[in-house]
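Student: First the structure, which I've put down as structure tokens, then a few questions once you've had a look.
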Amino acid sequence: MRFGVAVFPGTWSDRDCAHAVELAGHEAVMLWHKDTSLRGADCVILPGGFSYGDHLRAGAVARFAPLMDSVVDFAADGGLVWGICNGFQILCEAHLLPGALTRNSSLQFRCQPTWLRVESTASAFTAGSSRGDVLEIPISHGEGRYVADDATLAALEDEQRVAFRYVAPDGSPVGPASPNGSMRDIAGILNANRNVLGMMPHPERASEELLGSSDGMRLFQSVARSLARDGAVAAAAR
Amino acid sequence: MTVTSAELTEPTSAQLAEVALTRSEYDAATAQLGRGPNHLELGILGALWSEHCSYKTSKPLLRGLPTRGSRVLQGPGENAGAVDIGDGLACVFKIESHNHPSAIEPYQGAATGVGGILRDIFTMGARPIALLDSLRFGPLEEPHQQHLFDGVVAGIGGYGNCIGIPTVGGEVYFDAVYRDNCIVNAMCVGVVPHAKLTRARARGPGNAVLLVGADTGRDGIHGASFASVQFDASSQSRRPAVQVGNPFLEKCLMEACLELAGDPRVVAMQDLGAAGLCGSAAELAHRGGVGIDVDVSRVSRRERGMTPYEVMLSESQERMLVVVTPEEVVGVQAVFERWDLHSDVVGTIVTTPAFVVRDGDDVVCELPLAVLVDGAPERGAPGPRPSRSPQPGEPAALPAWSADETLMRLLGSPNIGSRKPIFRRYDHQVGDGTIVLPGGDAAVVRVPGSRRGLAMSTDGNARYTAADARRGAAIAVCEAARNVVATGAAPLAVTNCLNFGNPEHPEVYWDLHDAIAGIAEACDALGVPVVSGNVSLYNESEAGRIDPTVVIGMVGLLDDVERRCAAGFAADGDLIALVGPVGHGIDSSELEHLAFGMDRTDSAPDLDLDLERRVHRFVLEANAASLLRSAHDVADGGLAVALAECCLWGDRGASAELDELAHERPARSRVAGILFGESQSRFLISHPREALVQLEELAGRHSVPFQALGSVGGRRIKISGAIDIALDVAVRAYEGALSAGG
């Protein structure tokens, strides 16, 4: 499978995402923000970083990059788009996902391990996990507090579009130990068509036991397996 | 060629003070030039002859450092040092201070310190893979110190997190001597294939000089001179001399420069740091034995009405000089444009070794580079070595704390407690290479695309250097090496940052002299060369001066990151042993500091460099033979704190019995020395039971003291009936130690 990894000025998880993709045995191609070609990618990753220096707001400028026009079209056609950290922020700014990511409740940057409970397996990203699985995947952000209005939150819950929730290591509610104060402890969400995932934690940093956890690799492998299964559909949509 | 601006007739004392030159230095400059400098030339001379740029005081002393070694590819004198790490790769690293700006504006001071050291590394063509920071502040309970501490940590994170280089290590101490002069030293480590190692040496008359990156503004003018004078009441009003960082711009600059590393179109690269354009252009040309002709009218500016003086001396950040063959200018500019970076051709390399500045058609400065870069008269000792008067009176009695209480106080002290509140504010994992996270001894970062790992640590206990500059500095080298060795890595090379007071005072000068001698002794004994470094003097105010603060940055090589050794206890049932001597005395220890505050004894712990080397060999061989489960150096707080740290980091208890506490009923002061004394050359190790015989044999072969202490397990920390604390209680004290500030 071919994963396209977007590179905006200020992106810094691009190499890490490519590293994880290659560890999973797949191909990574870099997608330059000034280009419109997705270079035949089967899944587009919008990686972490400070695209455009977070000027105005995190993700606010990146949504206007030429590459993003292609990403929006790709998503509309059912293509898999995976926003990680700054990529999640960009997806919200581009209205591919609802809600917004605001300053952590601690008012400080946080780089630490977090534990995510898989809340929905009905997506290419999470099909490889079971509902209730707890994944150890680290965060690294200053603005990761997910907020949305009540109607949006209700819709996300009703349609089982909350992909991951921050929990304690044993899977119980995280409570005051929330790393960023996200509403309903939301760590990642899906769009209505379930082909776009945004998540604040960095699965590419949990890609090897050597790095402390390989739980993130399950998401990369899940995407690849889903693509292989639905390859014909995805190819036709493109 | 004639310089159009009239020369000054004998500048006033105020004019000389403005550029931080003494009258005799001015006279020396006039004699070397055969004329008086004009206003711009005086400013440029002041900047380049400042201590910060010229090292006029420290240079003669630094010549004593060992800088050669079989792995050294680049020693001091370039933007950073470089050592061979195998596989055709080089590790490039350096440490640098940003003390003065951080004291005035902590966030930007620290942020631009990080930005500056990053530029030093990628200017050499190396991709930065890690940052470390060594920090010193006044007492954490004081609100102003909390403001400085919080601002500096936020600034380091703000820059490093945004540019996407992990901050993996460092250290922080709090002591009243840093109340007016905080210490902010930043170290960066990068990796580059040998073939792409880029030097800052201009060549080829006729080659074009590109200025790339940020536009030039009025920020940071006289920054170099400002760093070379003592703080006074007006220092806070020097805020305009503090630069403002833009990590996003630097990220783009870094990626573009790394694209060009090893490109034959690029002759040389040099970042703009201290003394701005004039400092960088002069050094670039002088290193290459050529001259440089710069036209200030071609420099893009951030604001209108800037004079040539302001343009040349501005320390606006995120700028780079790139020397390019004339026919390739357009192609190289295209690489920068792809990253949305503006570049101007601002000058030309010329044959005559002179520094020429034009403003359009007018020549406004013409100075021989030999005068500008090497002409500053070196400063010798300002006076004879002062004799140290021994501390009068009886040593004070220790407070009536039980051993339990003492350990709890130490674990909860800002100098020893958990650093998590700091490093969780830094992205320490970006790059997918951080194998050993911050918080233990050294961090270990994987060399990209390889199984090799680089262990790195910064260390320097200023209480030891205050008591004895020579031995204290040697201990700093040894402790940094010990941290690296504890991970199983062999020490490779050293970078150092020497933070001292005003060297015009004999006691400061001689401390500097002795500290450098101590570094040289220890580096020689351990076989690690010094490949880069920085000197920060004038860390002094009307209220006092800092203790001599030697910060050693050490990098070690681990051939396979899978063979790394943990710092914390790893398995219940493992045995624990002390490698090295049993503690004696609490001189200059953290306990002494905690018990007596400013009252210091006058001696640093003993140091036997030969024993030190043997202990390192023992640990490295034991780890290579897979005999160890963990290794941790015994440092601040002594054996009891080291044992507690191994328990806290491994989340398991331990029980230890010391022979010295079992056979006799020693006096209280002797117990304190055994438990909390900071004797050197020691590790606390844990190992599987079946490894004991081999370890004892190995210790015998290296003539290293080895004492089996007990075993890992349970949920309590116990030592010889003297200490018995629940692990959970220790955790609370340890984790809360920085709560006053973080």
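In the structure tokens, chains take letters A, B, ... by order of appearance, with residues numbered from 1 within each chain and ligands from 1 in the order shown.
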Using only C-alpha atoms, determine which residues lie at most 6 Å from stretch 15-19 of chain A, disregarding the query and same-chain residues fewer than 4 positions distant; provide the list as an MDAnalysis selection string.

Tutor: (chainID A and resid 28 204) or (chainID B and resid 431:432)

Student: Could the residues in this selection be written to a file with N, CA and C atoms, as a PDB file, in the first residue's frame?

Tutor:
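Output (again-v1.pdb):
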ATOM      1  N   ALA A  28       5.898   4.833   1.644  1.00  0.00           N
ATOM      2  CA  ALA A  28       5.522   6.201   2.009  1.00  0.00           C
ATOM      3  C   ALA A  28       6.016   7.158   0.930  1.00  0.00           C
ATOM      4  N   GLU A 204       2.529   7.088  15.283  1.00  0.00           N
ATOM      5  CA  GLU A 204       3.827   6.800  14.655  1.00  0.00           C
ATOM      6  C   GLU A 204       4.953   6.769  15.686  1.00  0.00           C
TER       7      GLU A 204
ATOM      8  N   GLY B 431      10.918  12.535  16.202  1.00  0.00           N
ATOM      9  CA  GLY B 431      12.074  11.957  15.529  1.00  0.00           C
ATOM     10  C   GLY B 431      12.119  10.445  15.650  1.00  0.00           C
ATOM     11  N   ASP B 432      11.214   9.893  16.477  1.00  0.00           N
ATOM     12  CA  ASP B 432      11.146   8.438  16.664  1.00  0.00           C
ATOM     13  C   ASP B 432      12.507   7.835  16.991  1.00  0.00           C
TER      14      ASP B 432
END

Student: What lies within 10 Å of B:Leu16 using only C-alpha atoms, ignoring chain neighbours under 4 positions off, as a list in words?

Tutor: Glu10, Pro11, Thr12, Ala20, Leu21, Thr22, Arg23, Glu25, Tyr26, Leu42, Gly43 and Gly46 of chain B

Student: May I have the residues from that selection written out with C-alpha atoms, as a PDB file, in the first residue's frame?

Tutor:
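In the end it all went to out.pdb:
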ATOM      1  CA  GLU B  10      39.592  60.207  20.259  1.00  0.00           C
ATOM      2  CA  PRO B  11      36.217  58.750  21.412  1.00  0.00           C
ATOM      3  CA  THR B  12      34.881  59.681  24.809  1.00  0.00           C
ATOM      4  CA  ALA B  20      32.568  47.756  25.710  1.00  0.00           C
ATOM      5  CA  LEU B  21      36.159  48.573  24.744  1.00  0.00           C
ATOM      6  CA  THR B  22      38.781  49.749  27.202  1.00  0.00           C
ATOM      7  CA  ARG B  23      40.952  52.743  26.449  1.00  0.00           C
ATOM      8  CA  GLU B  25      42.163  48.259  23.646  1.00  0.00           C
ATOM      9  CA  TYR B  26      41.163  51.311  21.652  1.00  0.00           C
ATOM     10  CA  LEU B  42      34.453  51.295  16.329  1.00  0.00           C
ATOM     11  CA  GLY B  43      31.141  49.494  16.799  1.00  0.00           C
ATOM     12  CA  GLY B  46      33.797  46.541  19.902  1.00  0.00           C
TER      13      GLY B  46
END

Student: Got a sec: who's within 7 Å of stretch 127-140 of chain A, counting only C-alpha atoms, leaving out chain neighbours fewer than 5 positions off, as a PyMOL selection string?

Tutor: (chain A and resi 110-122+171+200-203+205-206+213+215-216+218-219+222) or (chain B and resi 427)

Student: Can those selected residues be exported to a file as a PDB file, in the first residue's frame so that it contains N, CA and C atoms?

Tutor:
ATOM      1  N   ARG A 110       2.184  19.492  26.553  1.00  0.00           N
ATOM      2  CA  ARG A 110       2.302  18.203  27.227  1.00  0.00           C
ATOM      3  C   ARG A 110       2.847  17.149  26.268  1.00  0.00           C
ATOM      4  N   CYS A 111       3.956  16.536  26.676  1.00  0.00           N
ATOM      5  CA  CYS A 111       4.503  15.390  25.956  1.00  0.00           C
ATOM      6  C   CYS A 111       4.554  14.268  26.975  1.00  0.00           C
ATOM      7  N   GLN A 112       3.720  13.266  26.820  1.00  0.00           N
ATOM      8  CA  GLN A 112       3.626  12.200  27.827  1.00  0.00           C
ATOM      9  C   GLN A 112       2.895  11.004  27.237  1.00  0.00           C
ATOM     10  N   PRO A 113       3.021   9.839  27.862  1.00  0.00           N
ATOM     11  CA  PRO A 113       2.231   8.708  27.373  1.00  0.00           C
ATOM     12  C   PRO A 113       0.754   8.933  27.691  1.00  0.00           C
ATOM     13  N   THR A 114      -0.129   8.480  26.815  1.00  0.00           N
ATOM     14  CA  THR A 114      -1.556   8.451  27.145  1.00  0.00           C
ATOM     15  C   THR A 114      -2.089   7.074  26.771  1.00  0.00           C
ATOM     16  N   TRP A 115      -3.222   6.739  27.365  1.00  0.00           N
ATOM     17  CA  TRP A 115      -3.861   5.459  27.082  1.00  0.00           C
ATOM     18  C   TRP A 115      -5.205   5.748  26.438  1.00  0.00           C
ATOM     19  N   LEU A 116      -5.443   5.107  25.305  1.00  0.00           N
ATOM     20  CA  LEU A 116      -6.647   5.370  24.510  1.00  0.00           C
ATOM     21  C   LEU A 116      -7.518   4.127  24.486  1.00  0.00           C
ATOM     22  N   ARG A 117      -8.795   4.299  24.803  1.00  0.00           N
ATOM     23  CA  ARG A 117      -9.714   3.175  24.664  1.00  0.00           C
ATOM     24  C   ARG A 117     -10.331   3.257  23.282  1.00  0.00           C
ATOM     25  N   VAL A 118     -10.303   2.147  22.556  1.00  0.00           N
ATOM     26  CA  VAL A 118     -10.907   2.114  21.229  1.00  0.00           C
ATOM     27  C   VAL A 118     -12.417   2.069  21.422  1.00  0.00           C
ATOM     28  N   GLU A 119     -13.090   3.093  20.890  1.00  0.00           N
ATOM     29  CA  GLU A 119     -14.532   3.222  21.112  1.00  0.00           C
ATOM     30  C   GLU A 119     -15.350   2.737  19.926  1.00  0.00           C
ATOM     31  N   SER A 120     -14.736   2.728  18.755  1.00  0.00           N
ATOM     32  CA  SER A 120     -15.448   2.264  17.559  1.00  0.00           C
ATOM     33  C   SER A 120     -14.477   1.517  16.669  1.00  0.00           C
ATOM     34  N   THR A 121     -14.881   0.352  16.224  1.00  0.00           N
ATOM     35  CA  THR A 121     -14.021  -0.410  15.316  1.00  0.00           C
ATOM     36  C   THR A 121     -14.532  -0.297  13.881  1.00  0.00           C
ATOM     37  N   ALA A 122     -15.570   0.521  13.695  1.00  0.00           N
ATOM     38  CA  ALA A 122     -16.167   0.631  12.361  1.00  0.00           C
ATOM     39  C   ALA A 122     -15.457   1.701  11.539  1.00  0.00           C
ATOM     40  N   GLY A 171      -8.032   1.240  31.654  1.00  0.00           N
ATOM     41  CA  GLY A 171      -9.241   1.389  30.849  1.00  0.00           C
ATOM     42  C   GLY A 171     -10.362   2.132  31.542  1.00  0.00           C
ATOM     43  N   MET A 200      -5.339  13.320  18.291  1.00  0.00           N
ATOM     44  CA  MET A 200      -4.214  14.099  18.813  1.00  0.00           C
ATOM     45  C   MET A 200      -3.000  13.229  19.133  1.00  0.00           C
ATOM     46  N   PRO A 201      -3.140  12.036  19.698  1.00  0.00           N
ATOM     47  CA  PRO A 201      -1.939  11.232  19.996  1.00  0.00           C
ATOM     48  C   PRO A 201      -1.200  10.807  18.733  1.00  0.00           C
ATOM     49  N   HIS A 202       0.062  10.431  18.917  1.00  0.00           N
ATOM     50  CA  HIS A 202       0.973  10.138  17.800  1.00  0.00           C
ATOM     51  C   HIS A 202       1.193   8.636  17.657  1.00  0.00           C
ATOM     52  N   PRO A 203       0.419   7.943  16.841  1.00  0.00           N
ATOM     53  CA  PRO A 203       0.623   6.497  16.691  1.00  0.00           C
ATOM     54  C   PRO A 203       1.984   6.161  16.089  1.00  0.00           C
ATOM     55  N   ARG A 205       4.702   7.335  16.870  1.00  0.00           N
ATOM     56  CA  ARG A 205       5.724   7.278  17.928  1.00  0.00           C
ATOM     57  C   ARG A 205       5.575   6.013  18.769  1.00  0.00           C
ATOM     58  N   ALA A 206       4.506   5.271  18.548  1.00  0.00           N
ATOM     59  CA  ALA A 206       4.297   4.008  19.258  1.00  0.00           C
ATOM     60  C   ALA A 206       4.377   2.894  18.227  1.00  0.00           C
ATOM     61  N   SER A 213       6.340   1.534  23.089  1.00  0.00           N
ATOM     62  CA  SER A 213       5.057   0.908  22.764  1.00  0.00           C
ATOM     63  C   SER A 213       4.982   0.673  21.265  1.00  0.00           C
ATOM     64  N   ASP A 215       1.819  -0.110  20.124  1.00  0.00           N
ATOM     65  CA  ASP A 215       0.366  -0.131  19.940  1.00  0.00           C
ATOM     66  C   ASP A 215      -0.089   0.679  18.720  1.00  0.00           C
ATOM     67  N   GLY A 216       0.656   1.742  18.411  1.00  0.00           N
ATOM     68  CA  GLY A 216       0.271   2.575  17.278  1.00  0.00           C
ATOM     69  C   GLY A 216       0.363   1.832  15.963  1.00  0.00           C
ATOM     70  N   ARG A 218      -0.690  -0.969  15.296  1.00  0.00           N
ATOM     71  CA  ARG A 218      -1.946  -1.651  14.977  1.00  0.00           C
ATOM     72  C   ARG A 218      -2.815  -0.798  14.063  1.00  0.00           C
ATOM     73  N   LEU A 219      -2.740   0.514  14.216  1.00  0.00           N
ATOM     74  CA  LEU A 219      -3.561   1.389  13.369  1.00  0.00           C
ATOM     75  C   LEU A 219      -3.039   1.385  11.938  1.00  0.00           C
ATOM     76  N   SER A 222      -3.955  -1.856  10.416  1.00  0.00           N
ATOM     77  CA  SER A 222      -5.393  -1.925  10.174  1.00  0.00           C
ATOM     78  C   SER A 222      -5.757  -1.209   8.870  1.00  0.00           C
TER      79      SER A 222
ATOM     80  N   ASP B 427       8.759  18.489  23.914  1.00  0.00           N
ATOM     81  CA  ASP B 427       8.596  17.317  23.054  1.00  0.00           C
ATOM     82  C   ASP B 427       9.932  16.576  23.082  1.00  0.00           C
TER      83      ASP B 427
END

Student: Just need the residues of chain B within 7 Å of chain A, counting only C-alpha atoms, so spit them out as JSON, numbers by chain.

Tutor: {"B": [162, 163, 164, 248, 251, 252, 424, 425, 426, 427, 430, 431, 432, 434, 435]}

Student: Produce a file of the selected residues containing N, CA and C atoms, as a short mmCIF file (atom, residue, chain, number, x, y, z; two decimals), in the first residue's frame.

Tutor:
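part-v1.cif was written with the following content:
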data_model
loop_
_atom_site.label_atom_id
_atom_site.label_comp_id
_atom_site.auth_asym_id
_atom_site.auth_seq_id
_atom_site.Cartn_x
_atom_site.Cartn_y
_atom_site.Cartn_z
N CYS B 162 8.34 23.60 18.54
CA CYS B 162 7.84 24.10 17.26
C CYS B 162 8.73 23.65 16.11
N ILE B 163 10.03 23.66 16.32
CA ILE B 163 10.91 23.29 15.21
C ILE B 163 10.99 21.77 15.06
N GLY B 164 10.59 21.04 16.12
CA GLY B 164 10.49 19.59 15.99
C GLY B 164 11.79 18.85 16.20
N PHE B 248 9.51 28.81 13.51
CA PHE B 248 8.95 28.36 12.24
C PHE B 248 9.88 28.73 11.08
N LYS B 251 12.85 26.50 11.16
CA LYS B 251 12.55 25.17 10.63
C LYS B 251 12.72 25.17 9.10
N CYS B 252 12.18 26.18 8.45
CA CYS B 252 12.30 26.27 6.98
C CYS B 252 13.76 26.46 6.58
N ARG B 424 8.03 17.14 30.62
CA ARG B 424 6.76 16.88 29.94
C ARG B 424 6.31 18.13 29.15
N ARG B 425 6.95 19.27 29.41
CA ARG B 425 6.64 20.47 28.62
C ARG B 425 7.50 20.54 27.35
N TYR B 426 8.45 19.62 27.23
CA TYR B 426 9.28 19.55 26.03
C TYR B 426 8.87 18.34 25.21
N ASP B 427 8.76 18.49 23.91
CA ASP B 427 8.60 17.32 23.05
C ASP B 427 9.93 16.58 23.08
N VAL B 430 9.84 13.47 19.45
CA VAL B 430 9.77 13.66 17.99
C VAL B 430 11.05 13.15 17.35
N GLY B 431 10.92 12.53 16.20
CA GLY B 431 12.07 11.96 15.53
C GLY B 431 12.12 10.45 15.65
N ASP B 432 11.21 9.89 16.48
CA ASP B 432 11.15 8.44 16.66
C ASP B 432 12.51 7.84 16.99
N THR B 434 14.11 8.59 20.41
CA THR B 434 14.46 8.68 21.83
C THR B 434 14.20 7.34 22.49
N ILE B 435 15.28 6.61 22.75
CA ILE B 435 15.17 5.25 23.29
C ILE B 435 15.15 5.30 24.82
#

Student: Write out as a list in words the residues lying within 9 Å of B:Pro438, counting only C-alpha atoms and excluding same-chain residues fewer than 6 positions away.

Tutor: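 What passes the distance filter is Thr167, Val168, Gly169, Gly170, Arg419, Lys420, Phe423, His428 and Val444 of chain B.
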
Student: Please produce a file of those selected residues containing C-alpha atoms, as a PDB file, in the first residue's frame.

Tutor:
ATOM      1  CA  THR B 167      14.681  18.037  24.047  1.00  0.00           C
ATOM      2  CA  VAL B 168      15.950  14.875  25.694  1.00  0.00           C
ATOM      3  CA  GLY B 169      17.971  15.912  28.682  1.00  0.00           C
ATOM      4  CA  GLY B 170      19.628  18.498  30.826  1.00  0.00           C
ATOM      5  CA  ARG B 419      12.219  16.666  36.590  1.00  0.00           C
ATOM      6  CA  LYS B 420       8.987  15.445  35.030  1.00  0.00           C
ATOM      7  CA  PHE B 423      10.446  17.565  30.495  1.00  0.00           C
ATOM      8  CA  HIS B 428      11.223  14.694  23.856  1.00  0.00           C
ATOM      9  CA  VAL B 444      19.868   7.681  24.499  1.00  0.00           C
TER      10      VAL B 444
END

Student: Considering only strand (DSSP E or B) as DSSP defines it on the backbone, what residues of stretch 23-227 of chain A qualify? List them as a VMD selection string.

Tutor: chain A and resid 27 to 32 43 to 46 49 80 to 84 100 to 102 110 to 118 134 to 141 145 to 147 162 to 167 173 186 to 190 196 to 199 208 213

Student: Among the residues of stretch 570-699 of chain B, find those DSSP assigns to alpha helix (DSSP H) from the backbone and print them as a PyMOL selection string.

Tutor: chain B and resi 590-596+609-624+638-650+659-662+668-676+692-699

Student: What's the 9 Å shell around B:Leu594, counting only C-alpha atoms, without same-chain residues fewer than 6 positions away, as a PDB file with C-alpha atoms, in the first residue's frame?

Tutor:
ATOM      1  CA  ARG B 409      13.874  16.120  52.414  1.00  0.00           C
ATOM      2  CA  LEU B 410      16.477  15.346  49.770  1.00  0.00           C
ATOM      3  CA  SER B 413      14.288  19.184  47.270  1.00  0.00           C
TER       4      SER B 413
END

Student: Can you measure atom CA of B:Asn502 to atom CA of B:Glu540 for me? One decimal in Å is fine.

Tutor: 6.3 Å
